[in-house]
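Next comes target_11.pdb, with PDB, C-alpha atoms.
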ATOM      1  CA  MET S  98      -7.774   5.026  19.483
ATOM      2  CA  ASP S  99      -8.796   1.367  19.196
ATOM      3  CA  ALA S 100      -8.343   0.076  15.631
ATOM      4  CA  GLU S 101     -11.359  -2.244  15.994
ATOM      5  CA  LYS S 102     -13.712   0.702  16.543
ATOM      6  CA  GLN S 103     -12.481   2.847  13.646
ATOM      7  CA  GLU S 104     -14.258   3.180  10.321
ATOM      8  CA  PRO S 105     -12.548   1.252   7.500
ATOM      9  CA  LEU S 106     -10.214   3.264   5.292
ATOM     10  CA  PRO S 107     -11.846   4.272   1.994
ATOM     11  CA  VAL S 108      -9.418   2.298  -0.169
ATOM     12  CA  THR S 109     -10.385   1.514  -3.764
ATOM     13  CA  GLN S 110      -8.838  -0.575  -6.506
ATOM     14  CA  VAL S 111      -8.452   2.633  -8.536
ATOM     15  CA  LEU S 112      -6.302   4.093  -5.753
ATOM     16  CA  ILE S 113      -4.165   0.948  -5.524
ATOM     17  CA  ASP S 114      -3.693   0.842  -9.296
ATOM     18  CA  ARG S 115      -2.662   4.493  -9.399
ATOM     19  CA  LEU S 116      -0.204   4.078  -6.524
ATOM     20  CA  ASN S 117       1.314   1.051  -8.242
ATOM     21  CA  GLU S 118       1.806   3.167 -11.371
ATOM     22  CA  MET S 119       3.391   5.995  -9.380
ATOM     23  CA  ILE S 120       5.488   3.774  -7.101
ATOM     24  CA  PRO S 121       6.120   0.515  -8.959
ATOM     25  CA  GLU S 122       7.749  -2.529  -7.405
ATOM     26  CA  LYS S 123      11.338  -2.360  -8.636
ATOM     27  CA  CYS S 124      14.940  -2.823  -7.644
ATOM     28  CA  PRO S 125      16.820   0.261  -6.464
ATOM     29  CA  GLU S 126      18.887   2.171  -8.975
ATOM     30  CA  ILE S 127      22.658   1.722  -8.668
ATOM     31  CA  ASP S 128      23.163   5.415  -7.868
ATOM     32  CA  TRP S 129      20.549   5.623  -5.095
ATOM     33  CA  THR S 130      21.776   6.441  -1.612
ATOM     34  CA  ASP S 131      20.806   4.286   1.370
ATOM     35  CA  ARG S 132      18.360   6.987   2.380
ATOM     36  CA  GLN S 133      16.671   6.948  -1.049
ATOM     37  CA  ILE S 134      16.354   3.165  -0.898
ATOM     38  CA  TRP S 135      14.791   3.297   2.563
ATOM     39  CA  HIS S 136      12.412   6.060   1.495
ATOM     40  CA  TYR S 137      11.270   4.171  -1.596
ATOM     41  CA  ARG S 138      10.903   0.975   0.413
ATOM     42  CA  GLY S 139       8.699   2.856   2.894
ATOM     43  CA  MET S 140       6.472   4.121   0.100
ATOM     44  CA  ARG S 141       6.130   0.575  -1.271
ATOM     45  CA  GLN S 142       5.245  -0.697   2.195
ATOM     46  CA  VAL S 143       2.335   1.765   2.335
ATOM     47  CA  VAL S 144       1.090   0.523  -1.058
ATOM     48  CA  LYS S 145       1.361  -3.084   0.137
ATOM     49  CA  MET S 146      -0.456  -2.275   3.387
ATOM     50  CA  LEU S 147      -3.302  -0.573   1.513
ATOM     51  CA  THR S 148      -3.502  -3.481  -0.947
ATOM     52  CA  SER S 149      -3.760  -5.906   1.960
ATOM     53  CA  HIS S 150      -6.412  -3.722   3.597
ATOM     54  CA  LEU S 151      -8.474  -3.708   0.382
ATOM     55  CA  GLU S 152      -8.239  -7.506   0.148
ATOM     56  CA  ASP S 153      -9.408  -7.786   3.763
ATOM     57  CA  LEU S 154     -12.383  -5.530   3.010
ATOM     58  CA  LYS S 155     -13.294  -7.624  -0.030
ATOM     59  CA  ASN S 156     -13.070 -10.820   2.032
ATOM     60  CA  GLU S 157     -15.253  -9.354   4.767
ATOM     61  CA  ARG S 158     -17.901  -8.379   2.226
ATOM     62  CA  THR S 159     -17.985 -11.852   0.686
ATOM     63  CA  HIS S 160     -18.266 -13.522   4.102
ATOM     64  CA  VAL S 161     -21.072 -11.209   5.232
ATOM     65  CA  GLN S 162     -23.247 -11.792   2.173
TER
END
Could you express the structure from this file as structure tokens?
Amino acid sequence: MDAEKQEPLPVTQVLIDRLNEMIPEKCPEIDWTDRQIWHYRGMRQVVKMLTSHLEDLKNERTHVQ
């Protein structure tokens, strides 16, 4: 499916704030395994991607108006 033709994801600031509470930006714990570090990093990447997407949506709205 072409990304340009898809509807925008329904991302809200409330969602981003909640995800940041649940999965905060932090250094790995000393006792985490490599796998745990990679998993946590992946979760943070999703939060960052959604944050970026929300910023893009906000920018599009301000340029359209």
Which residues fall under the PyMOL selection byres ((chain S and resi 100-112) around 12) in this file, as a list in words?
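Checked against the file, the PyMOL selection byres ((chain S and resi 100-112) around 12) matches Met98, Asp99, Ile113, Asp114, Arg115, Leu116, Asn117, Glu118, Met119, Ile120, Val144, Met146, Leu147, Thr148, Ser149, His150, Leu151, Glu152, Asp153, Leu154, Lys155 and Glu157 of chain S.
When CA of Arg158 in chain S is paired with CA of Glu122 in chain S, their separation reads 28.0 Å.
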Considering all atoms listed in the file, give me a table of residues in range 102-130 of chain S that are at most 7 Å from range 134-139 of chain S, with the closest atom pair and distance in Å for each, as CSV.
residue,atom,partner,partner_atom,distance
S:Pro125,CA,S:Ile134,CA,6.3
S:Trp129,CA,S:Ile134,CA,6.4
S:Thr130,CA,S:Ile134,CA,6.4
For the selection you just gave me, I'd like the residues written to a file as a CSV table (one decimal), keeping the file's coordinate frame, keeping C-alpha atoms.
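After the write, out.csv holds the following:
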chain,number,residue,atom,x,y,z
S,125,PRO,CA,16.8,0.3,-6.5
S,129,TRP,CA,20.5,5.6,-5.1
S,130,THR,CA,21.8,6.4,-1.6
Regenerate range 125-136 of chain S at the level of all heavy atoms and dump it as a short mmCIF file (atom, residue, chain, number, x, y, z; two decimals), in the coordinates of the input.
data_model
loop_
_atom_site.label_atom_id
_atom_site.label_comp_id
_atom_site.auth_asym_id
_atom_site.auth_seq_id
_atom_site.Cartn_x
_atom_site.Cartn_y
_atom_site.Cartn_z
N PRO S 125 16.24 -1.08 -6.55
CA PRO S 125 16.82 0.26 -6.46
C PRO S 125 17.81 0.51 -7.60
O PRO S 125 18.44 -0.41 -8.10
CB PRO S 125 17.53 0.28 -5.12
CG PRO S 125 17.47 -1.08 -4.57
CD PRO S 125 16.59 -1.92 -5.42
N GLU S 126 17.90 1.76 -7.98
CA GLU S 126 18.89 2.17 -8.98
C GLU S 126 20.27 2.11 -8.35
O GLU S 126 20.45 2.29 -7.14
CB GLU S 126 18.60 3.59 -9.47
CG GLU S 126 17.22 3.80 -10.06
CD GLU S 126 17.02 3.07 -11.37
OE1 GLU S 126 18.00 2.92 -12.12
OE2 GLU S 126 15.88 2.65 -11.64
N ILE S 127 21.29 1.88 -9.16
CA ILE S 127 22.66 1.72 -8.67
C ILE S 127 23.17 3.00 -7.99
O ILE S 127 23.98 2.93 -7.06
CB ILE S 127 23.61 1.27 -9.81
CG1 ILE S 127 24.95 0.81 -9.26
CG2 ILE S 127 23.81 2.38 -10.82
CD1 ILE S 127 24.91 -0.58 -8.74
N ASP S 128 22.66 4.15 -8.42
CA ASP S 128 23.16 5.42 -7.87
C ASP S 128 22.34 5.94 -6.69
O ASP S 128 22.61 7.01 -6.16
CB ASP S 128 23.25 6.47 -8.97
CG ASP S 128 21.91 6.79 -9.61
OD1 ASP S 128 20.98 5.96 -9.51
OD2 ASP S 128 21.81 7.86 -10.24
N TRP S 129 21.34 5.18 -6.24
CA TRP S 129 20.55 5.62 -5.10
C TRP S 129 21.36 5.52 -3.81
O TRP S 129 22.12 4.59 -3.59
CB TRP S 129 19.31 4.77 -4.93
CG TRP S 129 18.22 5.05 -5.93
CD1 TRP S 129 18.27 5.88 -7.01
CD2 TRP S 129 16.93 4.47 -5.93
NE1 TRP S 129 17.09 5.84 -7.68
CE2 TRP S 129 16.24 4.98 -7.05
CE3 TRP S 129 16.29 3.56 -5.11
CZ2 TRP S 129 14.94 4.63 -7.35
CZ3 TRP S 129 15.00 3.20 -5.42
CH2 TRP S 129 14.32 3.74 -6.52
N THR S 130 21.15 6.49 -2.93
CA THR S 130 21.78 6.44 -1.61
C THR S 130 20.97 5.49 -0.72
O THR S 130 19.83 5.13 -1.06
CB THR S 130 21.79 7.83 -0.96
OG1 THR S 130 20.43 8.25 -0.73
CG2 THR S 130 22.53 8.85 -1.83
N ASP S 131 21.54 5.12 0.41
CA ASP S 131 20.81 4.29 1.37
C ASP S 131 19.49 4.95 1.75
O ASP S 131 18.45 4.30 1.84
CB ASP S 131 21.64 4.05 2.63
CG ASP S 131 22.78 3.08 2.42
OD1 ASP S 131 22.83 2.44 1.35
OD2 ASP S 131 23.62 2.96 3.32
N ARG S 132 19.55 6.24 1.98
CA ARG S 132 18.36 6.99 2.38
C ARG S 132 17.27 6.91 1.31
O ARG S 132 16.09 6.75 1.62
CB ARG S 132 18.73 8.43 2.68
CG ARG S 132 17.60 9.22 3.26
CD ARG S 132 18.05 10.66 3.57
NE ARG S 132 17.06 11.29 4.38
CZ ARG S 132 17.20 11.59 5.65
NH1 ARG S 132 18.33 11.30 6.27
NH2 ARG S 132 16.25 12.18 6.32
N GLN S 133 17.64 7.04 0.04
CA GLN S 133 16.67 6.95 -1.05
C GLN S 133 16.05 5.55 -1.12
O GLN S 133 14.85 5.41 -1.35
CB GLN S 133 17.33 7.29 -2.39
CG GLN S 133 17.65 8.76 -2.55
CD GLN S 133 18.49 9.02 -3.78
OE1 GLN S 133 19.52 8.38 -3.99
NE2 GLN S 133 18.04 9.95 -4.61
N ILE S 134 16.86 4.55 -0.90
CA ILE S 134 16.35 3.16 -0.90
C ILE S 134 15.35 2.97 0.23
O ILE S 134 14.27 2.42 0.03
CB ILE S 134 17.52 2.16 -0.78
CG1 ILE S 134 18.39 2.22 -2.05
CG2 ILE S 134 16.99 0.74 -0.54
CD1 ILE S 134 19.70 1.47 -1.94
N TRP S 135 15.70 3.44 1.42
CA TRP S 135 14.79 3.30 2.56
C TRP S 135 13.49 4.05 2.32
O TRP S 135 12.41 3.57 2.66
CB TRP S 135 15.44 3.79 3.84
CG TRP S 135 16.68 3.05 4.23
CD1 TRP S 135 17.00 1.75 3.96
CD2 TRP S 135 17.78 3.58 4.95
NE1 TRP S 135 18.23 1.44 4.48
CE2 TRP S 135 18.74 2.55 5.10
CE3 TRP S 135 18.06 4.82 5.51
CZ2 TRP S 135 19.94 2.72 5.77
CZ3 TRP S 135 19.26 4.99 6.17
CH2 TRP S 135 20.18 3.94 6.29
N HIS S 136 13.59 5.25 1.76
CA HIS S 136 12.41 6.06 1.50
C HIS S 136 11.49 5.36 0.49
O HIS S 136 10.28 5.26 0.70
CB HIS S 136 12.85 7.43 0.97
CG HIS S 136 11.72 8.38 0.77
ND1 HIS S 136 11.22 8.69 -0.46
CD2 HIS S 136 10.97 9.07 1.67
CE1 HIS S 136 10.23 9.54 -0.33
NE2 HIS S 136 10.04 9.79 0.95
#
